[in-house]
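Undergrad: Provided below: entry23.cif, containing mmCIF, C-alpha atoms and all ligand atoms; chains and numbers go by the auth columns.
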```cif
data_coords
loop_
_atom_site.group_PDB
_atom_site.id
_atom_site.type_symbol
_atom_site.label_atom_id
_atom_site.label_comp_id
_atom_site.label_asym_id
_atom_site.label_seq_id
_atom_site.Cartn_x
_atom_site.Cartn_y
_atom_site.Cartn_z
_atom_site.B_iso_or_equiv
_atom_site.auth_seq_id
_atom_site.auth_asym_id
ATOM 1 C CA MET A 1 120.828 50.318 223.805 0.00 1 A
ATOM 2 C CA ARG A 2 119.262 47.058 222.606 0.00 2 A
ATOM 3 C CA PHE A 3 119.574 48.286 219.046 0.00 3 A
ATOM 4 C CA ILE A 4 123.378 48.559 219.205 0.00 4 A
ATOM 5 C CA ILE A 5 123.956 44.808 219.472 0.00 5 A
ATOM 6 C CA PRO A 6 122.548 43.752 216.088 0.00 6 A
ATOM 7 C CA THR A 7 124.261 46.729 214.468 0.00 7 A
ATOM 8 C CA LEU A 8 127.602 45.592 215.824 0.00 8 A
ATOM 9 C CA SER A 9 127.109 41.981 214.781 0.00 9 A
ATOM 10 C CA ILE A 10 126.204 43.027 211.213 0.00 10 A
ATOM 11 C CA ALA A 11 129.407 45.074 211.110 0.00 11 A
ATOM 12 C CA ALA A 12 131.377 42.081 212.400 0.00 12 A
ATOM 13 C CA VAL A 13 129.937 39.828 209.697 0.00 13 A
ATOM 14 C CA ALA A 14 130.661 42.422 207.035 0.00 14 A
ATOM 15 C CA THR A 15 134.343 42.670 207.997 0.00 15 A
ATOM 16 C CA ALA A 16 134.638 38.866 208.096 0.00 16 A
ATOM 17 C CA LEU A 17 133.623 38.656 204.435 0.00 17 A
ATOM 18 C CA PRO A 18 136.336 38.946 201.815 0.00 18 A
ATOM 19 C CA SER A 19 136.262 42.508 200.515 0.00 19 A
ATOM 20 C CA GLN A 20 135.215 43.497 197.001 0.00 20 A
ATOM 21 C CA GLN A 21 133.841 40.123 196.035 0.00 21 A
ATOM 22 C CA PRO A 22 132.635 40.611 192.455 0.00 22 A
ATOM 23 C CA ARG A 23 128.894 40.129 192.122 0.00 23 A
ATOM 24 C CA THR A 24 129.012 37.993 189.011 0.00 24 A
ATOM 25 C CA THR A 25 125.626 36.532 188.165 0.00 25 A
ATOM 26 C CA THR A 26 126.998 33.257 186.872 0.00 26 A
ATOM 27 C CA PRO A 27 123.897 31.616 185.459 0.00 27 A
ATOM 28 C CA SER A 28 122.984 28.173 186.655 0.00 28 A
ATOM 29 C CA GLN A 29 121.711 25.370 184.485 0.00 29 A
ATOM 30 C CA SER A 30 118.511 23.419 184.675 0.00 30 A
ATOM 31 C CA LYS A 31 116.179 21.345 182.521 0.00 31 A
ATOM 32 C CA GLY A 32 113.065 22.895 184.055 0.00 32 A
ATOM 33 C CA PHE A 33 112.389 26.631 184.320 0.00 33 A
ATOM 34 C CA TYR A 34 109.771 29.291 184.843 0.00 34 A
ATOM 35 C CA LEU A 35 109.715 32.299 182.494 0.00 35 A
ATOM 36 C CA ALA A 36 109.657 35.653 184.275 0.00 36 A
ATOM 37 C CA ALA A 37 108.756 38.911 182.545 0.00 37 A
ATOM 38 C CA LYS A 38 111.446 41.570 182.890 0.00 38 A
ATOM 39 C CA LEU A 39 110.824 45.083 181.599 0.00 39 A
ATOM 40 C CA ALA A 40 113.104 46.188 178.777 0.00 40 A
ATOM 41 C CA ASP A 41 115.637 48.853 179.753 0.00 41 A
ATOM 42 C CA GLY A 42 113.964 52.172 180.456 0.00 42 A
ATOM 43 C CA ALA A 43 110.434 50.837 179.926 0.00 43 A
ATOM 44 C CA SER A 44 107.737 51.886 182.367 0.00 44 A
ATOM 45 C CA ASP A 45 105.313 49.183 183.398 0.00 45 A
ATOM 46 C CA ILE A 46 101.738 48.698 182.228 0.00 46 A
ATOM 47 C CA ASP A 47 98.740 48.658 184.576 0.00 47 A
ATOM 48 C CA PRO A 48 98.407 46.117 186.165 0.00 48 A
ATOM 49 C CA PRO A 49 102.200 45.660 186.316 0.00 49 A
ATOM 50 C CA VAL A 50 103.781 42.722 184.488 0.00 50 A
ATOM 51 C CA ASN A 51 107.362 42.996 185.712 0.00 51 A
ATOM 52 C CA GLY A 52 108.219 39.818 187.652 0.00 52 A
ATOM 53 C CA LEU A 53 105.088 37.915 186.623 0.00 53 A
ATOM 54 C CA PHE A 54 105.447 34.429 185.151 0.00 54 A
ATOM 55 C CA LEU A 55 104.289 32.988 181.849 0.00 55 A
ATOM 56 C CA GLY A 56 101.314 30.646 182.070 0.00 56 A
ATOM 57 C CA THR A 57 98.325 29.537 180.059 0.00 57 A
ATOM 58 C CA ALA A 58 94.662 30.470 179.795 0.00 58 A
ATOM 59 C CA HIS A 59 92.593 27.628 178.339 0.00 59 A
ATOM 60 C CA THR A 60 90.798 28.778 175.163 0.00 60 A
ATOM 61 C CA GLY A 61 89.450 25.532 173.703 0.00 61 A
ATOM 62 C CA ALA A 62 90.340 21.856 173.272 0.00 62 A
ATOM 63 C CA GLY A 63 94.128 21.725 173.272 0.00 63 A
ATOM 64 C CA LEU A 64 94.352 25.506 172.901 0.00 64 A
ATOM 65 C CA ASN A 65 95.744 28.056 175.344 0.00 65 A
ATOM 66 C CA ALA A 66 96.618 31.731 175.254 0.00 66 A
ATOM 67 C CA ALA A 67 100.065 32.705 176.597 0.00 67 A
ATOM 68 C CA VAL A 68 99.349 35.000 179.548 0.00 68 A
ATOM 69 C CA PHE A 69 101.127 36.200 182.679 0.00 69 A
ATOM 70 C CA TYR A 70 100.253 35.260 186.259 0.00 70 A
ATOM 71 C CA THR A 71 101.885 35.506 189.682 0.00 71 A
ATOM 72 C CA ALA A 72 102.499 31.736 189.458 0.00 72 A
ATOM 73 C CA GLY A 73 103.468 30.439 186.029 0.00 73 A
ATOM 74 C CA ARG A 74 103.877 27.063 184.371 0.00 74 A
ATOM 75 C CA LEU A 75 106.965 24.894 184.414 0.00 75 A
ATOM 76 C CA PHE A 76 108.615 24.801 180.978 0.00 76 A
ATOM 77 C CA TYR A 77 111.433 22.851 179.377 0.00 77 A
ATOM 78 C CA GLN A 78 113.352 23.187 176.142 0.00 78 A
ATOM 79 C CA ASN A 79 112.750 20.140 173.997 0.00 79 A
ATOM 80 C CA GLY A 80 114.973 19.008 171.150 0.00 80 A
ATOM 81 C CA THR A 81 118.564 19.594 170.191 0.00 81 A
ATOM 82 C CA ALA A 82 120.768 22.670 169.928 0.00 82 A
ATOM 83 C CA GLY A 83 119.582 24.665 166.904 0.00 83 A
ATOM 84 C CA ASP A 84 116.288 22.775 166.729 0.00 84 A
ATOM 85 C CA SER A 85 114.230 23.198 169.857 0.00 85 A
ATOM 86 C CA THR A 86 110.831 24.205 171.154 0.00 86 A
ATOM 87 C CA ILE A 87 109.531 25.359 174.536 0.00 87 A
ATOM 88 C CA VAL A 88 107.167 22.851 176.116 0.00 88 A
ATOM 89 C CA THR A 89 104.999 22.550 179.231 0.00 89 A
ATOM 90 C CA ASP A 90 103.116 19.474 180.440 0.00 90 A
ATOM 91 C CA GLY A 91 99.528 19.354 181.579 0.00 91 A
ATOM 92 C CA GLY A 92 96.654 16.972 182.081 0.00 92 A
ATOM 93 C CA THR A 93 96.303 13.422 183.369 0.00 93 A
ATOM 94 C CA PRO A 94 98.164 11.597 182.002 0.00 94 A
ATOM 95 C CA PRO A 95 100.484 14.525 181.130 0.00 95 A
ATOM 96 C CA PHE A 96 100.651 15.657 177.512 0.00 96 A
ATOM 97 C CA PRO A 97 102.868 18.356 175.965 0.00 97 A
ATOM 98 C CA SER A 98 101.783 21.861 174.953 0.00 98 A
ATOM 99 C CA SER A 99 104.263 24.099 173.174 0.00 99 A
ATOM 100 C CA LEU A 100 104.836 27.804 172.647 0.00 100 A
ATOM 101 C CA THR A 101 103.677 28.769 169.164 0.00 101 A
ATOM 102 C CA VAL A 102 104.684 32.143 167.728 0.00 102 A
ATOM 103 C CA ASN A 103 103.064 33.711 164.662 0.00 103 A
ATOM 104 C CA GLY A 104 105.390 34.104 161.678 0.00 104 A
ATOM 105 C CA PRO A 105 107.020 37.420 160.671 0.00 105 A
ATOM 106 C CA THR A 106 104.465 38.117 157.899 0.00 106 A
ATOM 107 C CA GLU A 107 101.412 37.273 160.026 0.00 107 A
ATOM 108 C CA PRO A 108 99.575 39.922 162.044 0.00 108 A
ATOM 109 C CA ARG A 109 100.690 40.341 165.641 0.00 109 A
ATOM 110 C CA ARG A 110 98.546 38.328 168.026 0.00 110 A
ATOM 111 C CA ILE A 111 98.438 36.717 171.442 0.00 111 A
ATOM 112 C CA LEU A 112 100.892 33.805 171.349 0.00 112 A
ATOM 113 C CA ASP A 113 99.590 30.266 171.839 0.00 113 A
ATOM 114 C CA ILE A 114 100.688 27.406 174.022 0.00 114 A
ATOM 115 C CA ASN A 115 98.871 24.600 172.200 0.00 115 A
ATOM 116 C CA VAL A 116 98.906 20.837 172.408 0.00 116 A
ATOM 117 C CA GLY A 117 101.605 19.273 170.248 0.00 117 A
ATOM 118 C CA GLU A 118 104.738 20.671 168.697 0.00 118 A
ATOM 119 C CA GLY A 119 105.486 24.374 168.773 0.00 119 A
ATOM 120 C CA THR A 120 107.527 26.767 166.660 0.00 120 A
ATOM 121 C CA ALA A 121 111.296 27.106 167.041 0.00 121 A
ATOM 122 C CA ASN A 122 112.157 28.724 170.376 0.00 122 A
ATOM 123 C CA ALA A 123 115.180 28.534 172.632 0.00 123 A
ATOM 124 C CA ILE A 124 116.783 29.959 175.723 0.00 124 A
ATOM 125 C CA VAL A 125 119.856 31.872 174.545 0.00 125 A
ATOM 126 C CA GLU A 126 122.353 33.744 176.653 0.00 126 A
ATOM 127 C CA THR A 127 122.527 37.333 175.408 0.00 127 A
ATOM 128 C CA ASN A 128 124.795 39.886 177.149 0.00 128 A
ATOM 129 C CA GLY A 129 125.195 37.459 180.055 0.00 129 A
ATOM 130 C CA GLN A 130 121.434 37.184 180.488 0.00 130 A
ATOM 131 C CA PRO A 131 119.736 33.918 179.511 0.00 131 A
ATOM 132 C CA GLN A 132 116.449 34.735 177.794 0.00 132 A
ATOM 133 C CA LEU A 133 113.769 33.350 175.522 0.00 133 A
ATOM 134 C CA VAL A 134 114.509 33.863 171.816 0.00 134 A
ATOM 135 C CA ASN A 135 112.067 33.370 168.927 0.00 135 A
ATOM 136 C CA GLY A 136 113.544 31.111 166.249 0.00 136 A
ATOM 137 C CA LEU A 137 111.225 32.491 163.529 0.00 137 A
ATOM 138 C CA GLY A 138 112.824 35.912 163.321 0.00 138 A
ATOM 139 C CA GLU A 139 114.363 38.934 165.003 0.00 139 A
ATOM 140 C CA GLY A 140 112.289 41.164 167.206 0.00 140 A
ATOM 141 C CA GLY A 141 111.168 41.456 170.779 0.00 141 A
ATOM 142 C CA TYR A 142 108.453 40.357 173.154 0.00 142 A
ATOM 143 C CA LEU A 143 105.577 42.534 174.252 0.00 143 A
ATOM 144 C CA ALA A 144 103.386 42.124 177.300 0.00 144 A
ATOM 145 C CA CYS A 145 100.016 43.578 176.288 0.00 145 A
ATOM 146 C CA ILE A 146 96.760 44.046 178.099 0.00 146 A
ATOM 147 C CA ALA A 147 94.427 42.449 175.563 0.00 147 A
ATOM 148 C CA GLU A 148 91.102 40.701 175.467 0.00 148 A
ATOM 149 C CA VAL A 149 91.126 36.926 175.223 0.00 149 A
ATOM 150 C CA PRO A 150 87.925 36.436 173.190 0.00 150 A
ATOM 151 C CA TYR A 151 87.099 33.075 174.829 0.00 151 A
ATOM 152 C CA TYR A 152 86.630 34.882 178.164 0.00 152 A
ATOM 153 C CA ARG A 153 85.674 38.318 176.786 0.00 153 A
ATOM 154 C CA GLN A 154 88.092 39.555 179.405 0.00 154 A
ATOM 155 C CA ASP A 155 91.394 41.362 179.464 0.00 155 A
ATOM 156 C CA PHE A 156 94.531 39.418 180.328 0.00 156 A
ATOM 157 C CA THR A 157 98.194 40.363 180.380 0.00 157 A
ATOM 158 C CA THR A 158 99.169 38.538 177.211 0.00 158 A
ATOM 159 C CA LEU A 159 102.453 37.633 175.532 0.00 159 A
ATOM 160 C CA GLN A 160 102.961 38.857 171.969 0.00 160 A
ATOM 161 C CA PHE A 161 105.887 39.165 169.585 0.00 161 A
ATOM 162 C CA ASP A 162 106.877 42.302 167.692 0.00 162 A
ATOM 163 C CA TYR A 163 108.947 41.672 164.555 0.00 163 A
ATOM 164 C CA SER A 164 109.568 45.402 164.000 0.00 164 A
ATOM 165 C CA ASP A 165 112.631 44.971 166.254 0.00 165 A
ATOM 166 C CA GLY A 166 112.079 48.238 168.071 0.00 166 A
ATOM 167 C CA GLN A 167 111.407 50.250 164.898 0.00 167 A
ATOM 168 C CA ALA A 168 107.658 50.594 165.472 0.00 168 A
ATOM 169 C CA ALA A 169 106.283 52.438 168.495 0.00 169 A
ATOM 170 C CA VAL A 170 105.221 50.289 171.418 0.00 170 A
ATOM 171 C CA PRO A 171 101.482 49.681 170.933 0.00 171 A
ATOM 172 C CA GLU A 172 98.958 51.110 173.399 0.00 172 A
ATOM 173 C CA GLY A 173 98.584 48.885 176.481 0.00 173 A
ATOM 174 C CA CYS A 174 101.873 47.085 175.812 0.00 174 A
ATOM 175 C CA VAL A 175 105.387 47.153 177.206 0.00 175 A
ATOM 176 C CA ARG A 176 108.586 45.595 175.871 0.00 176 A
ATOM 177 C CA VAL A 177 109.777 42.673 177.989 0.00 177 A
ATOM 178 C CA THR A 178 112.348 39.924 177.964 0.00 178 A
ATOM 179 C CA LEU A 179 111.486 36.483 179.309 0.00 179 A
ATOM 180 C CA VAL A 180 114.072 35.319 181.801 0.00 180 A
ATOM 181 C CA PRO A 181 114.235 31.633 182.740 0.00 181 A
ATOM 182 C CA GLN A 182 114.324 30.886 186.449 0.00 182 A
ATOM 183 C CA CYS A 183 115.813 27.494 187.243 0.00 183 A
ATOM 184 C CA ALA A 184 113.383 24.895 188.554 0.00 184 A
ATOM 185 C CA GLU A 185 113.468 21.156 188.901 0.00 185 A
ATOM 186 C CA LEU A 186 111.872 19.288 185.987 0.00 186 A
ATOM 187 C CA ASN A 187 109.490 16.723 187.476 0.00 187 A
ATOM 188 C CA GLU A 188 109.519 12.990 186.796 0.00 188 A
ATOM 189 C CA LEU A 189 106.693 11.880 184.512 0.00 189 A
ATOM 190 C CA PRO A 190 104.292 9.141 185.618 0.00 190 A
ATOM 191 C CA ASP A 191 103.979 5.942 183.580 0.00 191 A
ATOM 192 C CA GLY A 192 101.577 6.315 180.674 0.00 192 A
ATOM 193 C CA SER A 193 102.471 9.978 180.023 0.00 193 A
ATOM 194 C CA TYR A 194 102.148 11.342 176.501 0.00 194 A
ATOM 195 C CA SER A 195 104.893 13.829 177.382 0.00 195 A
ATOM 196 C CA SER A 196 108.536 12.799 177.377 0.00 196 A
ATOM 197 C CA HIS A 197 111.521 14.439 179.009 0.00 197 A
ATOM 198 C CA GLU A 198 114.004 12.411 176.990 0.00 198 A
ATOM 199 C CA PHE A 199 114.907 15.441 174.878 0.00 199 A
ATOM 200 C CA ALA A 200 114.676 18.068 177.627 0.00 200 A
ATOM 201 C CA MET A 201 117.849 20.160 177.353 0.00 201 A
ATOM 202 C CA ASP A 202 119.915 21.865 180.014 0.00 202 A
ATOM 203 C CA VAL A 203 119.441 25.610 179.686 0.00 203 A
ATOM 204 C CA ALA A 204 121.128 28.550 181.372 0.00 204 A
ATOM 205 C CA CYS A 205 118.804 30.118 183.928 0.00 205 A
ATOM 206 C CA SER A 206 118.776 32.443 186.917 0.00 206 A
ATOM 207 C CA ALA A 207 119.141 30.584 190.195 0.00 207 A
HETATM 208 C C1 LIG B . 110.723 16.695 171.503 0.00 301 B
HETATM 209 O O1 LIG B . 111.901 16.464 170.741 0.00 301 B
HETATM 210 C C2 LIG B . 111.939 15.202 170.115 0.00 301 B
HETATM 211 C C3 LIG B . 113.307 15.099 169.440 0.00 301 B
HETATM 212 O O2 LIG B . 113.528 16.132 168.551 0.00 301 B
HETATM 213 C C4 LIG B . 110.766 15.069 169.148 0.00 301 B
HETATM 214 O O3 LIG B . 110.770 13.797 168.576 0.00 301 B
HETATM 215 C C5 LIG B . 109.454 15.308 169.898 0.00 301 B
HETATM 216 O O4 LIG B . 108.364 15.311 168.994 0.00 301 B
HETATM 217 C C6 LIG B . 109.485 16.636 170.617 0.00 301 B
HETATM 218 N N1 LIG B . 108.294 16.805 171.417 0.00 301 B
HETATM 219 C C7 LIG B . 107.490 17.865 171.278 0.00 301 B
HETATM 220 C C8 LIG B . 106.300 17.943 172.181 0.00 301 B
HETATM 221 O O5 LIG B . 107.695 18.730 170.448 0.00 301 B
#
```
Let me see the structure of the file written as structure tokens.

TA:
Amino acid sequence: MRFIIPTLSIAAVATALPSQQPRTTTPSQSKGFYLAAKLADGASDIDPPVNGLFLGTAHTGAGLNAAVFYTAGRLFYQNGTAGDSTIVTDGGTPPFPSSLTVNGPTEPRRILDINVGEGTANAIVETNGQPQLVNGLGEGGYLACIAEVPYYRQDFTTLQFDYSDGQAAVPEGCVRVTLVPQCAELNELPDGSYSSHEFAMDVACSA
């Protein structure tokens, strides 16, 4: 009998709600965001799974980092102006900027970098109602690949970019992903920071 009461109250709440409310996923806006890996349509996950993990960095030398996925990622912002922007994260004391750096279309595919200084052209662009990371250097898609980061001689789930735009087969140990920004508050910077949030842009993101 005890179980009937919550059942009834859920039913009461359900009838109180306006019926057929459309589930529009109106994206929010934010200056700060995390980047979540989302499997491309129909893709089956790699092992260990990457779906829902967040983009972060693995230190690989002075000012150098590999772009890898973790359960807790780094806070990013889009720096610049519309049509001319990069994706930046702050680190260190005092904070300094590191930026996503993608290899060019004619260079061999590799693990992307998040290195100190300015990065390559990248932006959050809303595509089919879904805000996502877009590479400004050329068409294609992102891959999450289990690959060795030589600095550690260990496998990580790495971020790579495939310029074949779906023409080439997905490489062994990789899966096609999109990177979906999740809204987060962009922190205030302490005095003496090398980073600046003056040119941090509002981007569309998932709430
Ligand atoms: C951020 O954008 C401003 C304006 O375009 C630029 O001067 C600055 O160098 C950029 N910062 C980074 C880390 O790229």

Undergrad: List every residue of chain A that has an atom at most 7 Å from any atom of ligand LIG 301 (chain B), giving for each one its closest atom pair and the distance in Å to one decimal, counting all atoms listed in the file, sorted by chain and then by ascending residue number, as a Markdown table.

TA:
```
| residue | atom | partner | partner_atom | distance |
| --- | --- | --- | --- | --- |
| A:Asn79 | CA | B:LIG301 | C1 | 4.7 |
| A:Gly80 | CA | B:LIG301 | O1 | 4.0 |
| A:Thr81 | CA | B:LIG301 | O2 | 6.3 |
| A:Thr86 | CA | B:LIG301 | O5 | 6.3 |
| A:Val88 | CA | B:LIG301 | C8 | 6.4 |
| A:Pro97 | CA | B:LIG301 | C8 | 5.1 |
| A:Ser98 | CA | B:LIG301 | C8 | 6.6 |
| A:Ser99 | CA | B:LIG301 | C8 | 6.6 |
| A:Gly117 | CA | B:LIG301 | C8 | 5.2 |
| A:Glu118 | CA | B:LIG301 | O5 | 3.9 |
| A:Gly119 | CA | B:LIG301 | O5 | 6.3 |
| A:Ser195 | CA | B:LIG301 | C8 | 6.8 |
| A:Phe199 | CA | B:LIG301 | O1 | 5.2 |
```

Undergrad: Under the rule that all atoms listed in the file are counted, which of A:Leu186, A:Tyr142, A:Leu39, A:Phe161 is the nearest residue to Pro108 in chain A?

TA: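 Ranked by minimum distance to Pro108 in chain A, first place goes to A:Phe161.
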
Undergrad: For this file, the PyMOL selection byres (((chain A and resi 87) around 12) and not hetatm) selects which residues, as an MDAnalysis selection string?

TA: chainID A and resid 31:35 55 74:81 84:86 88:90 97:102 113:124 133:136 181 197 199:201 203

Undergrad: For Tyr163 in chain A, find every residue with an atom within 10 Å (counting all atoms listed in the file), except residues of its own chain fewer than 2 positions away, and show them as a list in words.

TA: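 Contacts, in chain order: Asn103, Gly104, Pro105, Thr106, Glu107, Pro108, Arg109, Asn135, Leu137, Gly138, Glu139, Gly140, Gly141, Tyr142, Gln160, Phe161, Asp165, Gly166, Gln167 and Ala168 of chain A.
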
Undergrad: So how many Å separate CA of Asn65 in chain A and CA of Glu126 in chain A, to one decimal?

TA: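 Distance between the two atoms: 27.2 Å.
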
Undergrad: Which one of A:Ile111, A:Leu143, A:Leu64, A:Val149 sits closest to Ser164 in chain A if you count all atoms listed in the file?

TA: A:Leu143

Undergrad: Show me, as JSON, numbers by chain, the residues that have an atom within 10 Å of Leu53 in chain A when counting all atoms listed in the file, minus same-chain residues fewer than 6 positions from it.

TA: {"A": [34, 35, 36, 37, 38, 68, 69, 70, 71, 72, 73, 157, 179]}

Undergrad: To one decimal place, how far is CA of Thr60 in chain A from CA of Phe96 in chain A in Å?

TA: 16.6 Å

Undergrad: Nearest to Thr178 in chain A among A:Ser44, A:Gln130, A:Thr93, A:Thr57, with distances taken over only C-alpha atoms: which residue is it?

TA: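 Smallest separation from Thr178 in chain A among the options: A:Gln130.
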
Undergrad: Report the distance between CA of Cys183 in chain A and CA of Asn51 in chain A in Å, rounded to one decimal place.

TA: 17.7 Å

Undergrad: Run the PyMOL selection byres (((chain A and resi 47) around 10) and not hetatm) mentally over the shown coordinates, then write out the matched residues as a tab-separated table (two decimals) with C-alpha atoms, in the frame of the given file, using the chain letters and numbers from the document.

TA:
```tsv
chain	number	residue	atom	x	y	z
A	44	SER	CA	107.74	51.89	182.37
A	45	ASP	CA	105.31	49.18	183.40
A	46	ILE	CA	101.74	48.70	182.23
A	48	PRO	CA	98.41	46.12	186.16
A	49	PRO	CA	102.20	45.66	186.32
A	50	VAL	CA	103.78	42.72	184.49
A	145	CYS	CA	100.02	43.58	176.29
A	146	ILE	CA	96.76	44.05	178.10
A	157	THR	CA	98.19	40.36	180.38
A	173	GLY	CA	98.58	48.88	176.48
A	174	CYS	CA	101.87	47.08	175.81
```

Undergrad: Which centre and which edge lengths, in Å to one decimal, describe the axis-aligned box that holds all listed atoms of range 151-156 of chain A after 6 Å is added on each side, as JSON?

TA:
```
{"center_x": 90.1, "center_y": 37.2, "center_z": 177.6, "size_x": 20.9, "size_y": 20.3, "size_z": 17.5}
```

Undergrad: Let me make sure I understand: among A:Ala40, A:Ala82, A:Ala58, A:Val177, which one has the smallest atom-to-atom distance to Tyr151 in chain A if we use only C-alpha atoms?

TA: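 Distance minimum relative to Tyr151 in chain A lands on A:Ala58.
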
Undergrad: Could you tell me, as a ChimeraX atom specification, exactly which residues end up selected when the PyMOL selection byres (((chain A and resi 204) around 7) and not hetatm) is applied to this structure?

TA: /A:27-30,131,202-203,205

Undergrad: Between A:Ala169, A:Ala144, A:Gly92, A:Ala207, which one has atoms that come closest to Tyr194 in chain A, using all atoms listed in the file?

TA: A:Gly92
